[in-house]
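A.B. asks: My questions all concern the structure below.
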Amino acid sequence: MNRNRNYTLQCPIPESDYKNVMLAHGGGGKLTKQLIDKMFYPRFENEILRQGHDGAFLPPMDGKVAMTTDSFVVDPIFFPGGDIGELAVNGTVNDLVCCGAEPLYISLAFILEEGFLLNDLWKIVQSIALSAQTAGVKIVTGDTKVVEKGKGDKIYINTTGIGRVLPGMDISPEHCSEGDAVIINGTIGDHGIAILSEREGLAFESTVKSDTLALNRMMMDVFRKKPGIHVMRDPTRGGVASALNEICLSSRTGIRLIENELPVTDGVRGACEVMGLDPLYIANEGKILVILPKYDAEEVVSMMQAHQAGEQSRIIGTVTGEYPGMLHMETTIGSTRIVDMISGEQLPRIC
Amino acid sequence: MLKHIDEYRDKTLVETLVRTIAATVTRRWTIMEICGGQTHTIMRYSLQELLPDEISLIHGPGCPVCVTPVDLIDSAVELGSRPNVILVSFGDMLRVPGSHDDLLRVKAQGGDIRMVYTPLDALDIAEKNPEKEVVFFGVGFETTAPAVALTIKQAESRALDNFSVLVSHVLVPPAIQALLDDRQNRIDGFLAAGHVCTIMGIHEYIPLAERYEIPIVVTGFEPVDILLGIRKCIEMLEQNRPGVENAYPRSVRPEGNMAARELLHEVFVRVDRRWRGIGAIPGSGLGLADAYMKFDATSRFDLQAAETEEPEVCMAGEILTGRKKPSDCPLFGTLCKPENPLGALMVSTEGACSAYYRYSGSSMAEQ
């Protein structure tokens with residue numbers, strides 16, 4: 001990503017006032033107001049937020065409304081390729097995209113730990129503002145709470161997203177049919193490996209960056225021309241394997257992946273080989289799985305490839321009548337294996 | 001393209017090897033791969049599906065996580081629950097159930113349990129937390145033991161007196177002998193674990209092959225490696241030629257890694273050890289040598305090893321000796337699953353039952 005962020009801008013709350021988040025910043029009094037007026041309003045500026053009510057009044061909308069909610073607790077909060085703020089916006093936007101909706105509005109709630117650096121909050125706020133602007137969504141309402149030191153971990157973000165479902169879009173695993181193609185918009189496992197590479201105790205040298213990215217601009221193009229998509233899923237926690245397993249189970253169809261077609265960077269593969277992990281189970285934050293009738297697949301792949309977010313889009317599998325309810329894969333050596341739902345956390349093997 | 005990986009997952013090479021094996025085999029043979037890593041590859045690539053029907057593969061006890069005895073896990077759980085202890089472990093030990101709890105649950109209840117990739121990191125944790133006792137859970141075969149030995153030596157040179165190791169290392173050759181001594185075993189040949197031999201060399205396997213008149217083939221971990229091992233083993237069986245051969249020469253030298261062997265010899269001594277699912281095997285474990293006993297967590301914390309019962313219905317013993325397949329067990333996939341393992345082999349992804357469950361679709365079939 002070559003978005004130009006400018007983190008050199010000074011925090012608008014002078015250090016001489018406060019360097020750290022105080023309990024009073026969430027108390028609803030003067031300090032809360034200072035945060036809102038100096039930090040949030042100027043960066044999230046829009047007419048709905050400016051209404052200044054307890055909630056937001058949204059203009060009437062044509063058609064079905066899609067709504068999603070998500071919480072972000074990533075550790076570390078700044079990681080190669082992004083931060084918790086960017087993740088919050090992009091994650092919410094992508095959930096709406098997977099409903100076939102155009103993302104429009106986001107609510108934003110911070111839970112801050114007492115003592116958290118205001119300067120770090122400022123960086124995150126700027127990152128949220130930039131990501132929202134890039135994705136073309138408005139932050140229309142919000143909340144800030146502060147918990148005592150040790151009762152939280154620096155910063156948690158909760159969001160709600162609202163979007164308008166595009167005409168003709170009807171997304172449901174039930175539409176998944178034999179012969180459908182499965183498309184992904186690029187390499188898998190980047191986000192999870194970028195995070196792991198920074199974790200205390202697991203730190204290893206890696207050039208892998210998180211793939212966090214809003215996918216709405218690319219997918220709106222597709223929705224307008226090809227509304228007949230059957231199912232979409234963003235393969236976040238649990239990775240591609242878990243997302244596709246869920247679809248197999250609820251559609252009672254089988255999905256056959258071709259291992260040789262799975263796009264994985266050498267960086268992610270290498271890290272997975274060393275740690276005994278499988279990229280199929282590793283989290284992504286800028287990927288989308290699109291399942292649609294085969295006759296539209298090549299054209300949709302080309303449409304996605306025209307966007308930076310989808311340059312490496314390709315077909316990675318097909319919906320089959322074999323093995324109903326199961327995700328299976330043609331391995332690199334030509335045999336077939338089941339790709340199961342993961343049990344618990346994926347823990348590294350020891351030898 | 002990853003060097004040393006992709007060429008050993010090559011479809012054409014796999015097909016050629018499978019054809020050669022099919023052309024060589026004339027009767028039924030049962031081959032056991034010792035190592036859980038090999039089991040994992042066999043299941044992950046469905047190698048059995050490619051092989052001729054005459055060859056059946058059975059899966060050995062070479063998953064250190066699976067065979068770690070319940071009483072040692074209970075000791076780790078007990079230590080991890082103490083407020084003044086930081087328990088440091090390899091990742092996949094965390095989920096292994098003891099008689100009541102596993103380490104992940106202890107962590108959820110507030111225990112300070114940390115996961116590392118190298119035991120040396122435990123020393124940094126000990127240095128940063130001088131007021132705490134830092135205990136490393138030393139699990140694994142001859143492969144992980146040298147790193148733990150090195151860690152103990154460094155703990156001494158760094159004068160860390162708040163560091164100790166709960167030693168649970170196990171050795172492969174005594175386990176092979178125990179399996180062969182079981183008269184009901186059906187094993188015709190072994191694939192030995194390539195990484196264990198990388199450390200230890202092949203000398204320990206020669207007397208075993210001679211005494212039990214069986215082929216033992218040192219084998220690697222990628223699909224092509226495993227097929228090379230199977231091909232060699234089948235050739236030896238068909239020619240009635242017991243002995244030890246090396247099908248993993250890119251990693252294994254006959255004498256092994258002398259520096260690592262010397263480290264093991266200096267820091268550890270052989271002890272008797274119980275194996276989960278198998279029972280006690282004489283001389284099959286490593287314990288600390290007298291000179292390093294001060295790093296022994298069992299004596300430092302005065303831990304009492306209590307004999308713990310394993311579920312009677314668990315078929316681990318029969319599966320390990322090749323008499324039963326995981327799917328023959330009535331608990332398999334019903335009461336015993338990776339989320340709630342009742343027996344040793346369901347515990348780690350390298351255990352035979354868990355590998356069957358993950359890759360053969362038994363998990364889905366029940367739904």
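Letters for chains follow the order of the structure tokens (A, B, ...), residue numbers begin at 1 for each chain, and ligand numbers begin at 1 in the order shown.
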Could you pull the residues within 7 Å of range 132-148 of chain A, counting only C-alpha atoms, minus those fewer than 4 positions along the same chain, as a ChimeraX atom specification?
C.D. replies: /A:23,25-26,44,46,48-49,55-56,89,103-114,128,152,214,216
A.B. asks: Would you save the residues from that selection as a PDB file, in the first residue's frame, using N, CA and C atoms?
C.D. replies:
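As a result, selection_24.pdb now contains:
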```
ATOM      1  N   LEU A  23      -8.329   8.590  33.513  1.00  0.00           N
ATOM      2  CA  LEU A  23      -9.692   8.068  33.696  1.00  0.00           C
ATOM      3  C   LEU A  23     -10.719   9.123  33.293  1.00  0.00           C
ATOM      4  N   HIS A  25     -10.675  11.148  30.943  1.00  0.00           N
ATOM      5  CA  HIS A  25     -10.925  11.270  29.504  1.00  0.00           C
ATOM      6  C   HIS A  25     -12.171  10.504  29.073  1.00  0.00           C
ATOM      7  N   GLY A  26     -12.561   9.545  29.909  1.00  0.00           N
ATOM      8  CA  GLY A  26     -13.779   8.807  29.582  1.00  0.00           C
ATOM      9  C   GLY A  26     -14.917   9.173  30.507  1.00  0.00           C
ATOM     10  N   PHE A  44     -12.556  13.379  11.898  1.00  0.00           N
ATOM     11  CA  PHE A  44     -13.651  12.566  11.350  1.00  0.00           C
ATOM     12  C   PHE A  44     -14.732  13.425  10.702  1.00  0.00           C
ATOM     13  N   ASN A  46     -17.680  15.308   9.371  1.00  0.00           N
ATOM     14  CA  ASN A  46     -18.751  15.142   8.383  1.00  0.00           C
ATOM     15  C   ASN A  46     -20.042  15.689   8.974  1.00  0.00           C
ATOM     16  N   ILE A  48     -23.021  14.541   9.476  1.00  0.00           N
ATOM     17  CA  ILE A  48     -23.829  13.727  10.393  1.00  0.00           C
ATOM     18  C   ILE A  48     -23.208  13.742  11.795  1.00  0.00           C
ATOM     19  N   LEU A  49     -21.885  13.585  11.848  1.00  0.00           N
ATOM     20  CA  LEU A  49     -21.185  13.618  13.130  1.00  0.00           C
ATOM     21  C   LEU A  49     -21.371  14.977  13.806  1.00  0.00           C
ATOM     22  N   GLY A  55     -26.908  10.145  19.345  1.00  0.00           N
ATOM     23  CA  GLY A  55     -26.802   9.177  18.254  1.00  0.00           C
ATOM     24  C   GLY A  55     -26.821   9.934  16.946  1.00  0.00           C
ATOM     25  N   ALA A  56     -26.781   9.191  15.832  1.00  0.00           N
ATOM     26  CA  ALA A  56     -26.750   9.860  14.529  1.00  0.00           C
ATOM     27  C   ALA A  56     -28.079   9.680  13.811  1.00  0.00           C
ATOM     28  N   VAL A  89     -11.515  -0.006  10.581  1.00  0.00           N
ATOM     29  CA  VAL A  89     -12.302   0.527   9.469  1.00  0.00           C
ATOM     30  C   VAL A  89     -12.404  -0.507   8.348  1.00  0.00           C
ATOM     31  N   PRO A 103     -20.735   0.079   1.738  1.00  0.00           N
ATOM     32  CA  PRO A 103     -20.564   0.583   3.103  1.00  0.00           C
ATOM     33  C   PRO A 103     -20.727   2.103   3.130  1.00  0.00           C
ATOM     34  N   LEU A 104     -21.501   2.607   4.096  1.00  0.00           N
ATOM     35  CA  LEU A 104     -21.753   4.048   4.158  1.00  0.00           C
ATOM     36  C   LEU A 104     -21.351   4.666   5.496  1.00  0.00           C
ATOM     37  N   TYR A 105     -21.771   4.056   6.590  1.00  0.00           N
ATOM     38  CA  TYR A 105     -21.585   4.678   7.908  1.00  0.00           C
ATOM     39  C   TYR A 105     -20.923   3.715   8.888  1.00  0.00           C
ATOM     40  N   ILE A 106     -20.130   4.296   9.765  1.00  0.00           N
ATOM     41  CA  ILE A 106     -19.475   3.482  10.801  1.00  0.00           C
ATOM     42  C   ILE A 106     -19.621   4.186  12.147  1.00  0.00           C
ATOM     43  N   SER A 107     -19.909   3.427  13.191  1.00  0.00           N
ATOM     44  CA  SER A 107     -19.822   3.969  14.550  1.00  0.00           C
ATOM     45  C   SER A 107     -18.500   3.495  15.138  1.00  0.00           C
ATOM     46  N   LEU A 108     -18.004   4.255  16.089  1.00  0.00           N
ATOM     47  CA  LEU A 108     -16.656   3.994  16.577  1.00  0.00           C
ATOM     48  C   LEU A 108     -16.640   4.128  18.092  1.00  0.00           C
ATOM     49  N   ALA A 109     -16.337   3.047  18.808  1.00  0.00           N
ATOM     50  CA  ALA A 109     -16.253   3.124  20.262  1.00  0.00           C
ATOM     51  C   ALA A 109     -14.870   2.691  20.712  1.00  0.00           C
ATOM     52  N   PHE A 110     -14.230   3.560  21.492  1.00  0.00           N
ATOM     53  CA  PHE A 110     -12.903   3.233  22.034  1.00  0.00           C
ATOM     54  C   PHE A 110     -13.032   2.789  23.475  1.00  0.00           C
ATOM     55  N   ILE A 111     -12.327   1.737  23.829  1.00  0.00           N
ATOM     56  CA  ILE A 111     -12.119   1.429  25.246  1.00  0.00           C
ATOM     57  C   ILE A 111     -10.623   1.573  25.481  1.00  0.00           C
ATOM     58  N   LEU A 112     -10.258   2.585  26.242  1.00  0.00           N
ATOM     59  CA  LEU A 112      -8.845   2.915  26.430  1.00  0.00           C
ATOM     60  C   LEU A 112      -8.409   2.511  27.830  1.00  0.00           C
ATOM     61  N   GLU A 113      -7.137   2.097  27.918  1.00  0.00           N
ATOM     62  CA  GLU A 113      -6.585   1.777  29.225  1.00  0.00           C
ATOM     63  C   GLU A 113      -5.944   3.041  29.789  1.00  0.00           C
ATOM     64  N   GLU A 114      -6.221   3.311  31.016  1.00  0.00           N
ATOM     65  CA  GLU A 114      -5.622   4.451  31.685  1.00  0.00           C
ATOM     66  C   GLU A 114      -4.099   4.403  31.474  1.00  0.00           C
ATOM     67  N   ILE A 128      -7.501   5.960  11.332  1.00  0.00           N
ATOM     68  CA  ILE A 128      -8.926   5.676  11.125  1.00  0.00           C
ATOM     69  C   ILE A 128      -9.496   6.667  10.114  1.00  0.00           C
ATOM     70  N   GLY A 152      -7.451  -3.251  31.044  1.00  0.00           N
ATOM     71  CA  GLY A 152      -7.595  -3.414  29.596  1.00  0.00           C
ATOM     72  C   GLY A 152      -6.190  -3.479  29.007  1.00  0.00           C
ATOM     73  N   ALA A 214      -9.410  -2.040   2.507  1.00  0.00           N
ATOM     74  CA  ALA A 214     -10.855  -2.022   2.265  1.00  0.00           C
ATOM     75  C   ALA A 214     -11.111  -2.478   0.836  1.00  0.00           C
ATOM     76  N   ASN A 216     -14.153  -2.361  -0.766  1.00  0.00           N
ATOM     77  CA  ASN A 216     -15.443  -1.947  -1.316  1.00  0.00           C
ATOM     78  C   ASN A 216     -15.353  -1.372  -2.725  1.00  0.00           C
TER      79      ASN A 216
END
```
A.B. asks: Quick one: everything within 10 Å of Tyr295 in chain A, counting only C-alpha atoms, minus sequence neighbours fewer than 6 positions away in the same chain. Send it as a list of chain:residue names.
C.D. replies: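 The contact residues come out as A:Gly179, A:Asp180, A:Ala181.
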A.B. asks: Create the file for the chosen residues now, containing C-alpha atoms and written as an mmCIF file, in the first residue's frame.
C.D. replies:
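Result saved to part-v8.cif:
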```
data_model
loop_
_atom_site.group_PDB
_atom_site.id
_atom_site.type_symbol
_atom_site.label_atom_id
_atom_site.label_comp_id
_atom_site.auth_asym_id
_atom_site.auth_seq_id
_atom_site.Cartn_x
_atom_site.Cartn_y
_atom_site.Cartn_z
ATOM 1 C CA GLY A 179 -19.985 -26.047 -10.690
ATOM 2 C CA ASP A 180 -19.590 -22.584 -9.078
ATOM 3 C CA ALA A 181 -16.109 -21.110 -9.082
#
```
A.B. asks: Could you pull out the strand (DSSP E) residues of range 65-174 of chain A from DSSP and send them as a ChimeraX atom specification?
C.D. replies: /A:65-72,78-79,82-83,101-113,138-147,155-165
A.B. asks: Determine, counting only C-alpha atoms, which protein, DNA and RNA residues have an atom within 9 Å of an atom of Ser242 in chain A; residues of the same chain fewer than 2 positions away are not included. Present the result as a ChimeraX atom specification.
C.D. replies: /A:235-240,244-247,280-281,339-342
A.B. asks: If we count only C-alpha atoms and set the cut-off at 8 Å, which residues sit around Glu142 in chain B, ignoring sequence neighbours fewer than 4 positions away in its own chain? Please answer as a list in words.
C.D. replies: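 Near Glu142 in chain B, the qualifying residues are Pro146, His169, Val170, Leu171, Val172, Val196, Ile199 and Met200 of chain B.
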A.B. asks: Range 185-188 of chain A: which residues within 9 Å, counting only C-alpha atoms, same-chain residues fewer than 6 positions away excluded, as a list in words?
C.D. replies: Asp211, Pro235, Gly239, Val240, Leu262, Pro263, Val264, Thr265, Val268, Pro279, Leu280, Ile282, Ala283, Asn284, Gly286, Lys287, Ile288, Leu289, Val290, Val301, Met304, Gln305, Ala309, Gly310, Glu311, Gln312, Ser313, Arg314 and Ile315 of chain A
A.B. asks: Pick the closest to chain B from A:Thr212, A:Ser197, A:Ser302, A:Thr320: which is it, counting only C-alpha atoms?
C.D. replies: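 Of A:Thr212, A:Ser197, A:Ser302, A:Thr320, the one nearest chain B, counting only C-alpha atoms, is A:Ser197.
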A.B. asks: So which residues touch range 282-294 of chain B within 9 Å, counting only C-alpha atoms, skipping near sequence neighbours fewer than 2 positions away, as a short mmCIF file (atom, residue, chain, number, x, y, z; two decimals) with N, CA and C atoms, in the first residue's frame?
C.D. replies:
```cif
data_model
loop_
_atom_site.label_atom_id
_atom_site.label_comp_id
_atom_site.auth_asym_id
_atom_site.auth_seq_id
_atom_site.Cartn_x
_atom_site.Cartn_y
_atom_site.Cartn_z
N PHE B 141 12.01 -35.46 21.44
CA PHE B 141 12.93 -36.57 21.23
C PHE B 141 14.37 -36.05 21.20
N ALA B 145 16.16 -32.15 22.41
CA ALA B 145 16.98 -32.27 23.62
C ALA B 145 18.30 -31.47 23.55
N ILE B 152 20.47 -25.25 29.29
CA ILE B 152 20.88 -25.51 30.68
C ILE B 152 22.32 -25.06 30.90
N LYS B 153 23.17 -25.36 29.91
CA LYS B 153 24.56 -24.91 30.05
C LYS B 153 24.67 -23.39 30.10
N GLU B 156 23.69 -21.97 33.37
CA GLU B 156 24.78 -22.04 34.34
C GLU B 156 25.78 -20.92 34.12
N ASP B 161 19.80 -18.44 38.77
CA ASP B 161 19.39 -19.44 39.75
C ASP B 161 17.87 -19.50 39.92
N SER B 164 14.76 -23.47 35.87
CA SER B 164 14.86 -24.93 35.93
C SER B 164 14.07 -25.55 34.78
N VAL B 167 12.08 -31.98 32.91
CA VAL B 167 12.65 -32.76 31.81
C VAL B 167 11.76 -33.94 31.46
N SER B 168 11.35 -34.00 30.21
CA SER B 168 10.49 -35.09 29.77
C SER B 168 10.95 -35.63 28.42
N HIS B 169 12.25 -35.56 28.17
CA HIS B 169 12.74 -36.00 26.85
C HIS B 169 12.71 -37.52 26.73
N VAL B 170 12.44 -37.96 25.51
CA VAL B 170 12.37 -39.40 25.26
C VAL B 170 13.24 -39.77 24.05
N LEU B 171 13.57 -41.05 23.97
CA LEU B 171 14.49 -41.55 22.95
C LEU B 171 13.80 -42.57 22.04
N VAL B 172 14.16 -42.52 20.77
CA VAL B 172 13.47 -43.37 19.79
C VAL B 172 13.87 -44.85 19.85
N PRO B 173 15.17 -45.20 19.84
CA PRO B 173 15.51 -46.63 19.72
C PRO B 173 14.88 -47.53 20.80
N PRO B 174 14.83 -47.11 22.08
CA PRO B 174 14.18 -48.00 23.05
C PRO B 174 12.70 -48.23 22.74
N ALA B 175 12.05 -47.23 22.13
CA ALA B 175 10.64 -47.40 21.78
C ALA B 175 10.48 -48.40 20.64
N ALA B 178 10.81 -51.74 22.17
CA ALA B 178 9.60 -52.11 22.93
C ALA B 178 8.50 -52.58 21.97
N LEU B 264 24.42 -33.65 24.61
CA LEU B 264 23.45 -34.55 25.25
C LEU B 264 24.16 -35.41 26.29
N HIS B 265 25.32 -35.91 25.90
CA HIS B 265 26.08 -36.81 26.77
C HIS B 265 26.51 -36.09 28.04
N GLU B 266 26.83 -34.82 27.91
CA GLU B 266 27.31 -34.08 29.06
C GLU B 266 26.18 -33.71 30.03
N VAL B 267 25.04 -33.30 29.48
CA VAL B 267 23.99 -32.73 30.33
C VAL B 267 22.99 -33.78 30.83
N PHE B 268 22.77 -34.81 30.01
CA PHE B 268 21.71 -35.78 30.36
C PHE B 268 22.27 -37.17 30.65
N VAL B 269 21.48 -37.95 31.37
CA VAL B 269 21.73 -39.39 31.51
C VAL B 269 20.45 -40.13 31.13
N ARG B 270 20.59 -41.39 30.77
CA ARG B 270 19.40 -42.19 30.43
C ARG B 270 18.63 -42.59 31.67
N VAL B 271 17.34 -42.47 31.60
CA VAL B 271 16.49 -42.90 32.72
C VAL B 271 15.32 -43.72 32.15
N ASP B 272 14.62 -44.43 33.04
CA ASP B 272 13.41 -45.12 32.61
C ASP B 272 12.30 -44.09 32.47
N ARG B 273 11.41 -44.29 31.52
CA ARG B 273 10.34 -43.31 31.36
C ARG B 273 9.07 -44.02 30.94
N ARG B 274 7.95 -43.51 31.45
CA ARG B 274 6.68 -44.05 30.99
C ARG B 274 6.22 -43.27 29.77
N TRP B 275 5.60 -43.96 28.81
CA TRP B 275 5.08 -43.32 27.61
C TRP B 275 3.57 -43.40 27.66
N ALA B 280 5.67 -48.11 30.62
CA ALA B 280 7.07 -47.85 30.96
C ALA B 280 7.99 -48.54 29.95
N ASP B 296 16.99 -29.15 37.88
CA ASP B 296 15.90 -30.11 37.73
C ASP B 296 14.66 -29.63 38.49
N ALA B 297 13.59 -29.33 37.75
CA ALA B 297 12.39 -28.77 38.39
C ALA B 297 11.74 -29.77 39.34
N SER B 299 13.04 -32.00 41.35
CA SER B 299 13.59 -31.99 42.70
C SER B 299 13.53 -30.59 43.32
N ARG B 300 13.68 -29.56 42.53
CA ARG B 300 13.63 -28.21 43.09
C ARG B 300 12.28 -27.92 43.74
#
```
A.B. asks: Out of range 148-354 of chain B, which residues get alpha helix (DSSP H) from DSSP, as a ChimeraX atom specification?
C.D. replies: /B:148-157,172-181,194-200,205-212,223-238,258-267,297-300,316-320,352-354
A.B. asks: Restricting the calculation to only C-alpha atoms, which member of B:Leu2, B:Arg261, B:Val18, B:Val313 is positioned closest to Glu49 in chain B?
C.D. replies: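 Looking at the shortest contact to Glu49 in chain B, the residue is B:Val18.
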A.B. asks: Pick out the residues sitting within 12 Å of Arg199 in chain A, and hand them over as a list in words; count only C-alpha atoms, and ignore anything fewer than 6 positions along from it in its own chain.
C.D. replies: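 In the requested format, the answer is Val74, Asp75, Pro76, Ile77, Phe78, Phe79, Pro80, Gly192, Ile193 and Glu205 of chain A; Arg114, Met115, Val116 and Tyr117 of chain B.
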A.B. asks: Expressed in Å to a single decimal, how great is the separation between CA of Ala23 in chain B and CA of Thr332 in chain A?
C.D. replies: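 Atom-to-atom, CA of Ala23 in chain B to CA of Thr332 in chain A, that is 23.4 Å.
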A.B. asks: Which residue is closest to chain B? Choose from A:Gln34, A:Gly317, A:Gly270, A:Met303 and count only C-alpha atoms.
C.D. replies: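 Of A:Gln34, A:Gly317, A:Gly270, A:Met303, the one nearest chain B, counting only C-alpha atoms, is A:Gly270.
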A.B. asks: Within 7 Å of chain A, which residues of chain B show up when using only C-alpha atoms, listed as a PyMOL selection string?
C.D. replies: chain B and resi 1-2+9-11+14+44-46+90-92+115-117+121+338-339+358-361+364
A.B. asks: So which one's closest to Arg231 in chain B, B:Val85, B:Ile125, B:Phe190, B:Met258? Using only C-alpha atoms, please.
C.D. replies: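 Once distances to Arg231 in chain B are computed over only C-alpha atoms, the minimum belongs to B:Phe190.
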A.B. asks: Find, counting only C-alpha atoms, the residue in A:Phe72, A:Leu58, A:Phe223, A:Lys30 that gets nearest to Val300 in chain A.
C.D. replies: A:Phe223
A.B. asks: For Asp188 in chain B, which residue among B:Phe295, B:Trp29, B:Tyr205, B:Tyr356 is the nearest when counting only C-alpha atoms?
C.D. replies: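 Ranked by minimum distance to Asp188 in chain B, first place goes to B:Trp29.
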A.B. asks: Kindly give the distance, in Å, that separates CA of Glu15 in chain B and CA of Leu50 in chain B, rounded to a single decimal.
C.D. replies: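 About the pair CA of Glu15 in chain B and CA of Leu50 in chain B: they are 8.5 Å apart.
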